[in-house]
Amino acid sequence: MLGRLNIAGLAGDGGEQWPEQDVSVNAFDCYRELANVAMGQAADLLARLLDVFVVLPVPNVNLFDPGELSMALSAATRSGSGAAVCQGYMSPGIAGEALLIFNDTSIPNLARLMKYRGELDESAKSELLLDTGNILIGACLKGIADQLDTRFSQGHPTVLGQHRDIDALVENSKARGSRTLAIEICYTIEDYDISCDLLLLFTEDSMTSLNEKMAPLINA
Amino acid sequence: MPTSILICDDSSMARKQIARALDPAWGVEVMFAKDGAEGLSMLRKARPALMLLDLTMPVMDGFDVLKAMAAEGLDIPVVVISGDIQPDARRRVKALGALEFIKNRSTASF
């Protein structure tokens with residue numbers, strides 16, 4: 001979703017660009033590769049658990065200014081366009097928030113896939129979102145943590161709009177005027193018409209630690 | 001003429017890591033492609049002895065490269081190296097003619 005907004009010119013493209021040579025490596029490329037391996041592990045878990053095939057995209061990496069992030073997020077989570085789960089995480093020097101956004105049509109299909117019976121009321125919907133969020137966010141974060149040789153402490157997942165408001169999420173970074181590193185992964189589940197956007201938002205300060213931990217990988 | 005190997009991966013980091021994993025003593029000539037379409041056109045032109053292929057790539061993904069190779073009868077051995085470690089991904093690339101599948105589990109383990 002942010003990828004689409006990106007095209008509309010809301011977000012800068014990667015922020016910092018290094019000259020691309022055949023074997024040169026930049027930090028954004030490294031974040032993308034980090035996400036690539038982590039999303040594969042999360043997809044593998046989901047595929048085995050639910051007996052589906054997950055179509056994996058090329059992850060998007062962006063550095064958002066405070067205003068851009070809030071515009072992009074409110075557009076992506078505007079009422080009617082779906083539902084979202086968020087979950088905070090932190091490890092020494094790294095802090096962030098994971099956001100999993102489903103469009104409305106995906107939710108009944110998700111219920112079918114997860115073998116939910118009965119009426120899909122608000123509470124059943126929340127449970128469904130939280131269950132799926134737990135699997136995908138947890139697996140993806142673990143994949144990233146393993147590669148960085150660290151561990152994330154995770155907060156409770158919450159359904160946005162029900163438990164928490166999107167504005168509250170971006171308020172902090174807005175107040176500090178700091179930027180946000182966003183890794184975006186659009187998962188699609190084959191044959192079920194389910195697609196969701198997983199956003200891993202890292203505070204700008206986290207990039208120092210991330211880069212330090214990735215240095216052996218970049219300079220290897 | 002030295003043996004040539006084509007590394008097809010959209011990540012410059014992965015290209016570098018894979019290239020480093022090839023022993024310089026083998027004296028192979030390494031070529032790089034940044035997406036599937038570029039990889040495919042290099043296969044046609046340079047006819048490398050082996051291609052190391054990623055799956056998730058922009059423009060044209062690894063599955064489509066394998067399909068196109070089969071359709072064109074490009075008989076070049078392919079080893080897939082991917083973070084997409086779903087059992088079905090492995091089954092699919094093997095069914096499409098890939099020689100082997102190597103899991104890119106962790107960037108640190110290369």
# chains A, B, ... in the order shown; residues from 1 in each chain; ligands from 1
$ interface_residues --of "chain A" --to "chain B" --cutoff "10 Å" --atoms "only C-alpha atoms" --output "tab-separated table (two decimals) with C-alpha atoms, in the first residue's frame"
chain	number	residue	atom	x	y	z
A	20	GLU	CA	25.18	1.15	-7.69
A	21	GLN	CA	27.94	-1.06	-9.02
A	22	ASP	CA	27.82	-4.74	-9.64
A	23	VAL	CA	29.06	-5.79	-6.25
A	24	SER	CA	28.70	-2.65	-4.15
A	25	VAL	CA	26.44	-2.87	-1.15
A	26	ASN	CA	24.49	-0.11	0.55
A	27	ALA	CA	22.57	-0.03	3.80
A	28	PHE	CA	19.16	-0.02	2.12
A	29	ASP	CA	20.07	-3.05	0.09
A	30	CYS	CA	21.15	-4.71	3.30
A	31	TYR	CA	17.81	-3.90	5.02
A	32	ARG	CA	16.04	-5.35	2.00
A	33	GLU	CA	18.06	-8.55	2.16
A	34	LEU	CA	17.43	-8.77	5.91
A	35	ALA	CA	13.69	-8.50	5.21
A	36	ASN	CA	13.96	-10.94	2.32
A	37	VAL	CA	15.30	-13.76	4.46
A	38	ALA	CA	12.96	-12.95	7.38
A	39	MET	CA	9.83	-12.85	5.21
A	40	GLY	CA	10.78	-16.18	3.67
A	41	GLN	CA	10.94	-17.74	7.12
A	42	ALA	CA	7.58	-16.23	8.07
A	43	ALA	CA	6.04	-17.45	4.83
A	44	ASP	CA	7.45	-20.92	5.40
A	45	LEU	CA	5.82	-21.05	8.82
A	46	LEU	CA	2.47	-19.88	7.45
A	47	ALA	CA	2.69	-22.25	4.49
A	48	ARG	CA	3.32	-25.27	6.72
A	51	ASP	CA	-1.08	-25.63	3.85
A	52	VAL	CA	-0.97	-22.70	1.45
A	53	PHE	CA	1.56	-21.09	-0.85
A	54	VAL	CA	2.60	-17.56	0.00
A	55	VAL	CA	3.61	-15.38	-2.92
A	56	LEU	CA	6.54	-13.27	-1.82
A	57	PRO	CA	7.31	-9.79	-3.14
A	58	VAL	CA	10.49	-7.75	-3.25
A	59	PRO	CA	10.45	-5.85	0.05
A	143	GLY	CA	13.94	-13.88	11.34
A	144	ILE	CA	15.37	-10.37	11.58
A	146	ASP	CA	18.34	-14.11	14.29
A	147	GLN	CA	20.26	-12.48	11.49
A	148	LEU	CA	21.29	-9.56	13.69
A	149	ASP	CA	22.15	-11.93	16.52
A	214	MET	CA	24.85	-5.33	9.84
A	216	PRO	CA	29.94	-7.52	9.29
A	217	LEU	CA	27.43	-8.44	6.57
A	218	ILE	CA	28.04	-5.30	4.52
A	219	ASN	CA	31.81	-5.35	4.77
A	220	ALA	CA	32.20	-9.09	4.58
$ residues_around --residues "segment 64-81 of chain B" --least-positions-apart "3" --cutoff "8 Å" --atoms "only C-alpha atoms" --output "compact mmCIF listing (two decimals) with N, CA, C and O atoms, in the first residue's frame"
# COMPACT_ATOMS: atom_id res chain seq x y z
N GLY B 36 15.47 -10.94 -13.29
CA GLY B 36 15.28 -12.11 -14.12
C GLY B 36 15.40 -11.84 -15.61
O GLY B 36 15.98 -12.64 -16.35
N ALA B 37 14.88 -10.69 -16.04
CA ALA B 37 14.92 -10.37 -17.47
C ALA B 37 16.36 -10.18 -17.93
O ALA B 37 16.76 -10.66 -19.00
N GLY B 39 18.94 -11.45 -16.45
CA GLY B 39 19.56 -12.77 -16.36
C GLY B 39 19.30 -13.59 -17.60
O GLY B 39 20.20 -14.23 -18.16
N LEU B 40 18.05 -13.55 -18.04
CA LEU B 40 17.64 -14.34 -19.20
C LEU B 40 18.38 -13.88 -20.46
O LEU B 40 18.86 -14.71 -21.24
N LEU B 43 21.86 -15.10 -20.32
CA LEU B 43 21.92 -16.55 -20.60
C LEU B 43 21.99 -16.79 -22.10
O LEU B 43 22.78 -17.60 -22.58
N ARG B 44 21.14 -16.05 -22.81
CA ARG B 44 21.08 -16.22 -24.28
C ARG B 44 22.40 -15.82 -24.92
O ARG B 44 22.90 -16.49 -25.81
N ARG B 47 25.78 -17.66 -22.58
CA ARG B 47 25.76 -19.11 -22.36
C ARG B 47 26.70 -19.56 -21.24
O ARG B 47 27.65 -20.32 -21.50
N PRO B 48 26.49 -19.12 -20.01
CA PRO B 48 27.36 -19.54 -18.92
C PRO B 48 27.20 -21.04 -18.64
O PRO B 48 26.24 -21.66 -19.09
N ALA B 49 28.17 -21.59 -17.89
CA ALA B 49 28.12 -23.02 -17.58
C ALA B 49 27.09 -23.31 -16.50
O ALA B 49 26.60 -24.43 -16.39
N LEU B 50 26.78 -22.29 -15.70
CA LEU B 50 25.87 -22.48 -14.56
C LEU B 50 25.24 -21.14 -14.19
O LEU B 50 25.87 -20.09 -14.32
N MET B 51 23.98 -21.19 -13.74
CA MET B 51 23.37 -19.97 -13.22
C MET B 51 22.96 -20.20 -11.78
O MET B 51 22.35 -21.22 -11.44
N LEU B 52 23.29 -19.23 -10.91
CA LEU B 52 22.82 -19.24 -9.53
C LEU B 52 21.69 -18.21 -9.47
O LEU B 52 21.92 -17.02 -9.70
N LEU B 53 20.48 -18.68 -9.20
CA LEU B 53 19.29 -17.85 -9.42
C LEU B 53 18.51 -17.58 -8.14
O LEU B 53 18.23 -18.50 -7.36
N ASP B 54 18.14 -16.32 -7.92
CA ASP B 54 17.27 -15.91 -6.83
C ASP B 54 15.82 -16.06 -7.29
O ASP B 54 15.55 -16.15 -8.49
N LEU B 55 14.88 -16.11 -6.35
CA LEU B 55 13.47 -16.23 -6.75
C LEU B 55 12.72 -14.89 -6.74
O LEU B 55 12.14 -14.49 -7.75
N MET B 60 11.20 -9.62 -13.44
CA MET B 60 10.89 -11.01 -13.76
C MET B 60 11.45 -11.86 -12.63
O MET B 60 12.65 -11.76 -12.31
N ASP B 61 10.61 -12.69 -12.00
CA ASP B 61 11.13 -13.47 -10.87
C ASP B 61 11.76 -14.78 -11.33
O ASP B 61 11.74 -15.12 -12.52
N VAL B 93 10.44 -25.12 -8.12
CA VAL B 93 11.62 -24.85 -8.95
C VAL B 93 12.25 -26.14 -9.47
O VAL B 93 12.77 -26.19 -10.58
N LEU B 96 10.36 -27.22 -12.35
CA LEU B 96 10.65 -26.38 -13.50
C LEU B 96 12.05 -26.62 -14.04
O LEU B 96 12.50 -25.94 -14.97
N GLY B 97 12.75 -27.56 -13.45
CA GLY B 97 14.03 -27.96 -14.03
C GLY B 97 15.28 -27.52 -13.28
O GLY B 97 16.39 -27.77 -13.73
N ALA B 98 15.11 -26.85 -12.14
CA ALA B 98 16.30 -26.44 -11.39
C ALA B 98 16.99 -27.68 -10.84
O ALA B 98 16.35 -28.64 -10.42
N LEU B 99 18.32 -27.61 -10.86
CA LEU B 99 19.14 -28.73 -10.43
C LEU B 99 19.02 -28.93 -8.91
O LEU B 99 18.86 -30.03 -8.41
N GLU B 100 19.09 -27.83 -8.19
CA GLU B 100 19.08 -27.90 -6.73
C GLU B 100 18.57 -26.59 -6.15
O GLU B 100 18.51 -25.58 -6.84
N PHE B 101 18.19 -26.66 -4.89
CA PHE B 101 17.68 -25.48 -4.19
C PHE B 101 18.51 -25.28 -2.93
O PHE B 101 18.63 -26.20 -2.12
N ILE B 102 19.10 -24.10 -2.78
CA ILE B 102 19.86 -23.82 -1.55
C ILE B 102 19.11 -22.76 -0.76
O ILE B 102 18.74 -21.71 -1.30
N LYS B 103 18.82 -23.08 0.52
CA LYS B 103 18.10 -22.12 1.35
C LYS B 103 19.02 -20.99 1.78
O LYS B 103 20.06 -21.22 2.37
N ASN B 104 18.58 -19.77 1.46
CA ASN B 104 19.30 -18.60 1.96
C ASN B 104 18.67 -18.25 3.30
O ASN B 104 17.84 -17.38 3.41
$ atom_distance --atom1 "atom CA of Asp35 of chain B" --atom2 "atom CA of Ile7 of chain B"
9.9 Å
$ atom_distance --atom1 "atom CA of Ile183 of chain A" --atom2 "atom CA of Met207 of chain A"
12.3 Å
$ select_by_dssp --residues "segment 50-153 of chain A" --states "strand (DSSP E)" --output "JSON, numbers by chain"
{"A": [54, 55, 60, 61, 62, 63, 64, 83, 84, 85, 86, 87, 88, 89, 90, 91, 94, 95, 96, 97, 98, 99, 100, 101, 102, 153]}
$ write_last_selection --atoms "N, CA and C atoms" --output "PDB file, in the first residue's frame"
ATOM      1  N   VAL A  54       2.548 -19.007  -0.168  1.00  0.00           N
ATOM      2  CA  VAL A  54       2.601 -17.563   0.001  1.00  0.00           C
ATOM      3  C   VAL A  54       3.459 -16.965  -1.109  1.00  0.00           C
ATOM      4  N   VAL A  55       2.863 -16.032  -1.839  1.00  0.00           N
ATOM      5  CA  VAL A  55       3.608 -15.380  -2.916  1.00  0.00           C
ATOM      6  C   VAL A  55       4.383 -14.211  -2.311  1.00  0.00           C
ATOM      7  N   ASN A  60       9.968  -3.467   0.100  1.00  0.00           N
ATOM      8  CA  ASN A  60      10.249  -2.041  -0.109  1.00  0.00           C
ATOM      9  C   ASN A  60      10.933  -1.469   1.108  1.00  0.00           C
ATOM     10  N   VAL A  61      11.948  -0.666   0.901  1.00  0.00           N
ATOM     11  CA  VAL A  61      12.569   0.009   2.038  1.00  0.00           C
ATOM     12  C   VAL A  61      12.537   1.511   1.788  1.00  0.00           C
ATOM     13  N   ASN A  62      12.032   2.252   2.767  1.00  0.00           N
ATOM     14  CA  ASN A  62      11.922   3.699   2.649  1.00  0.00           C
ATOM     15  C   ASN A  62      12.305   4.387   3.942  1.00  0.00           C
ATOM     16  N   LEU A  63      12.778   5.615   3.811  1.00  0.00           N
ATOM     17  CA  LEU A  63      12.996   6.435   4.989  1.00  0.00           C
ATOM     18  C   LEU A  63      11.995   7.575   4.916  1.00  0.00           C
ATOM     19  N   PHE A  64      11.039   7.585   5.863  1.00  0.00           N
ATOM     20  CA  PHE A  64       9.959   8.567   5.810  1.00  0.00           C
ATOM     21  C   PHE A  64      10.222   9.759   6.717  1.00  0.00           C
ATOM     22  N   ALA A  83      -8.356  -3.469   7.871  1.00  0.00           N
ATOM     23  CA  ALA A  83      -8.126  -3.520   9.302  1.00  0.00           C
ATOM     24  C   ALA A  83      -6.650  -3.746   9.537  1.00  0.00           C
ATOM     25  N   ALA A  84      -6.174  -3.295  10.668  1.00  0.00           N
ATOM     26  CA  ALA A  84      -4.742  -3.397  10.927  1.00  0.00           C
ATOM     27  C   ALA A  84      -4.444  -3.821  12.357  1.00  0.00           C
ATOM     28  N   VAL A  85      -3.385  -4.585  12.504  1.00  0.00           N
ATOM     29  CA  VAL A  85      -2.896  -4.984  13.814  1.00  0.00           C
ATOM     30  C   VAL A  85      -1.529  -4.352  14.002  1.00  0.00           C
ATOM     31  N   CYS A  86      -1.234  -3.865  15.199  1.00  0.00           N
ATOM     32  CA  CYS A  86       0.108  -3.370  15.416  1.00  0.00           C
ATOM     33  C   CYS A  86       0.708  -3.965  16.679  1.00  0.00           C
ATOM     34  N   GLN A  87       2.021  -4.012  16.679  1.00  0.00           N
ATOM     35  CA  GLN A  87       2.740  -4.607  17.792  1.00  0.00           C
ATOM     36  C   GLN A  87       4.113  -3.961  17.911  1.00  0.00           C
ATOM     37  N   GLY A  88       4.404  -3.468  19.094  1.00  0.00           N
ATOM     38  CA  GLY A  88       5.698  -2.827  19.306  1.00  0.00           C
ATOM     39  C   GLY A  88       6.775  -3.857  19.609  1.00  0.00           C
ATOM     40  N   TYR A  89       8.016  -3.503  19.316  1.00  0.00           N
ATOM     41  CA  TYR A  89       9.123  -4.406  19.629  1.00  0.00           C
ATOM     42  C   TYR A  89      10.368  -3.607  19.938  1.00  0.00           C
ATOM     43  N   MET A  90      11.239  -4.167  20.737  1.00  0.00           N
ATOM     44  CA  MET A  90      12.512  -3.504  20.999  1.00  0.00           C
ATOM     45  C   MET A  90      13.601  -4.477  21.398  1.00  0.00           C
ATOM     46  N   SER A  91      14.822  -4.062  21.129  1.00  0.00           N
ATOM     47  CA  SER A  91      15.993  -4.797  21.581  1.00  0.00           C
ATOM     48  C   SER A  91      17.014  -3.708  21.871  1.00  0.00           C
ATOM     49  N   ILE A  94      17.462  -0.782  19.421  1.00  0.00           N
ATOM     50  CA  ILE A  94      16.514  -0.841  18.299  1.00  0.00           C
ATOM     51  C   ILE A  94      15.086  -0.811  18.846  1.00  0.00           C
ATOM     52  N   ALA A  95      14.256   0.063  18.300  1.00  0.00           N
ATOM     53  CA  ALA A  95      12.856   0.091  18.713  1.00  0.00           C
ATOM     54  C   ALA A  95      11.984   0.291  17.490  1.00  0.00           C
ATOM     55  N   GLY A  96      10.832  -0.337  17.494  1.00  0.00           N
ATOM     56  CA  GLY A  96       9.964  -0.165  16.340  1.00  0.00           C
ATOM     57  C   GLY A  96       8.569  -0.683  16.583  1.00  0.00           C
ATOM     58  N   GLU A  97       7.789  -0.580  15.535  1.00  0.00           N
ATOM     59  CA  GLU A  97       6.394  -0.973  15.599  1.00  0.00           C
ATOM     60  C   GLU A  97       6.082  -1.748  14.312  1.00  0.00           C
ATOM     61  N   ALA A  98       5.486  -2.917  14.473  1.00  0.00           N
ATOM     62  CA  ALA A  98       5.073  -3.673  13.295  1.00  0.00           C
ATOM     63  C   ALA A  98       3.600  -3.409  13.047  1.00  0.00           C
ATOM     64  N   LEU A  99       3.251  -3.267  11.785  1.00  0.00           N
ATOM     65  CA  LEU A  99       1.880  -2.966  11.424  1.00  0.00           C
ATOM     66  C   LEU A  99       1.474  -3.938  10.321  1.00  0.00           C
ATOM     67  N   LEU A 100       0.401  -4.674  10.565  1.00  0.00           N
ATOM     68  CA  LEU A 100      -0.070  -5.612   9.558  1.00  0.00           C
ATOM     69  C   LEU A 100      -1.437  -5.136   9.073  1.00  0.00           C
ATOM     70  N   ILE A 101      -1.524  -4.813   7.789  1.00  0.00           N
ATOM     71  CA  ILE A 101      -2.746  -4.209   7.262  1.00  0.00           C
ATOM     72  C   ILE A 101      -3.427  -5.154   6.263  1.00  0.00           C
ATOM     73  N   PHE A 102      -4.703  -5.454   6.524  1.00  0.00           N
ATOM     74  CA  PHE A 102      -5.484  -6.289   5.598  1.00  0.00           C
ATOM     75  C   PHE A 102      -6.513  -5.423   4.905  1.00  0.00           C
ATOM     76  N   SER A 153      12.071  -7.912  22.343  1.00  0.00           N
ATOM     77  CA  SER A 153      10.944  -8.040  23.273  1.00  0.00           C
ATOM     78  C   SER A 153       9.745  -7.458  22.554  1.00  0.00           C
TER      79      SER A 153
END
$ atom_distance --atom1 "atom CA of Glu122 of chain A" --atom2 "atom CA of Leu110 of chain A"
14.3 Å
$ residues_around --residues "Val30 of chain B" --least-positions-apart "2" --cutoff "6 Å" --atoms "only C-alpha atoms" --output "PDB file with C-alpha atoms, in the first residue's frame"
ATOM      1  CA  SER B   4      31.598 -18.798 -16.479  1.00  0.00           C
ATOM      2  CA  ILE B   5      28.920 -18.584 -13.811  1.00  0.00           C
ATOM      3  CA  LEU B   6      25.997 -16.171 -13.867  1.00  0.00           C
TER       4      LEU B   6
END
$ select_by_dssp --residues "segment 6-85 of chain B" --states "alpha helix (DSSP H)" --output "JSON, numbers by chain"
{"B": [12, 13, 14, 15, 16, 17, 18, 19, 20, 21, 36, 37, 38, 39, 40, 41, 42, 43, 44, 45, 46, 62, 63, 64, 65, 66, 67, 68, 69, 70, 71, 72]}
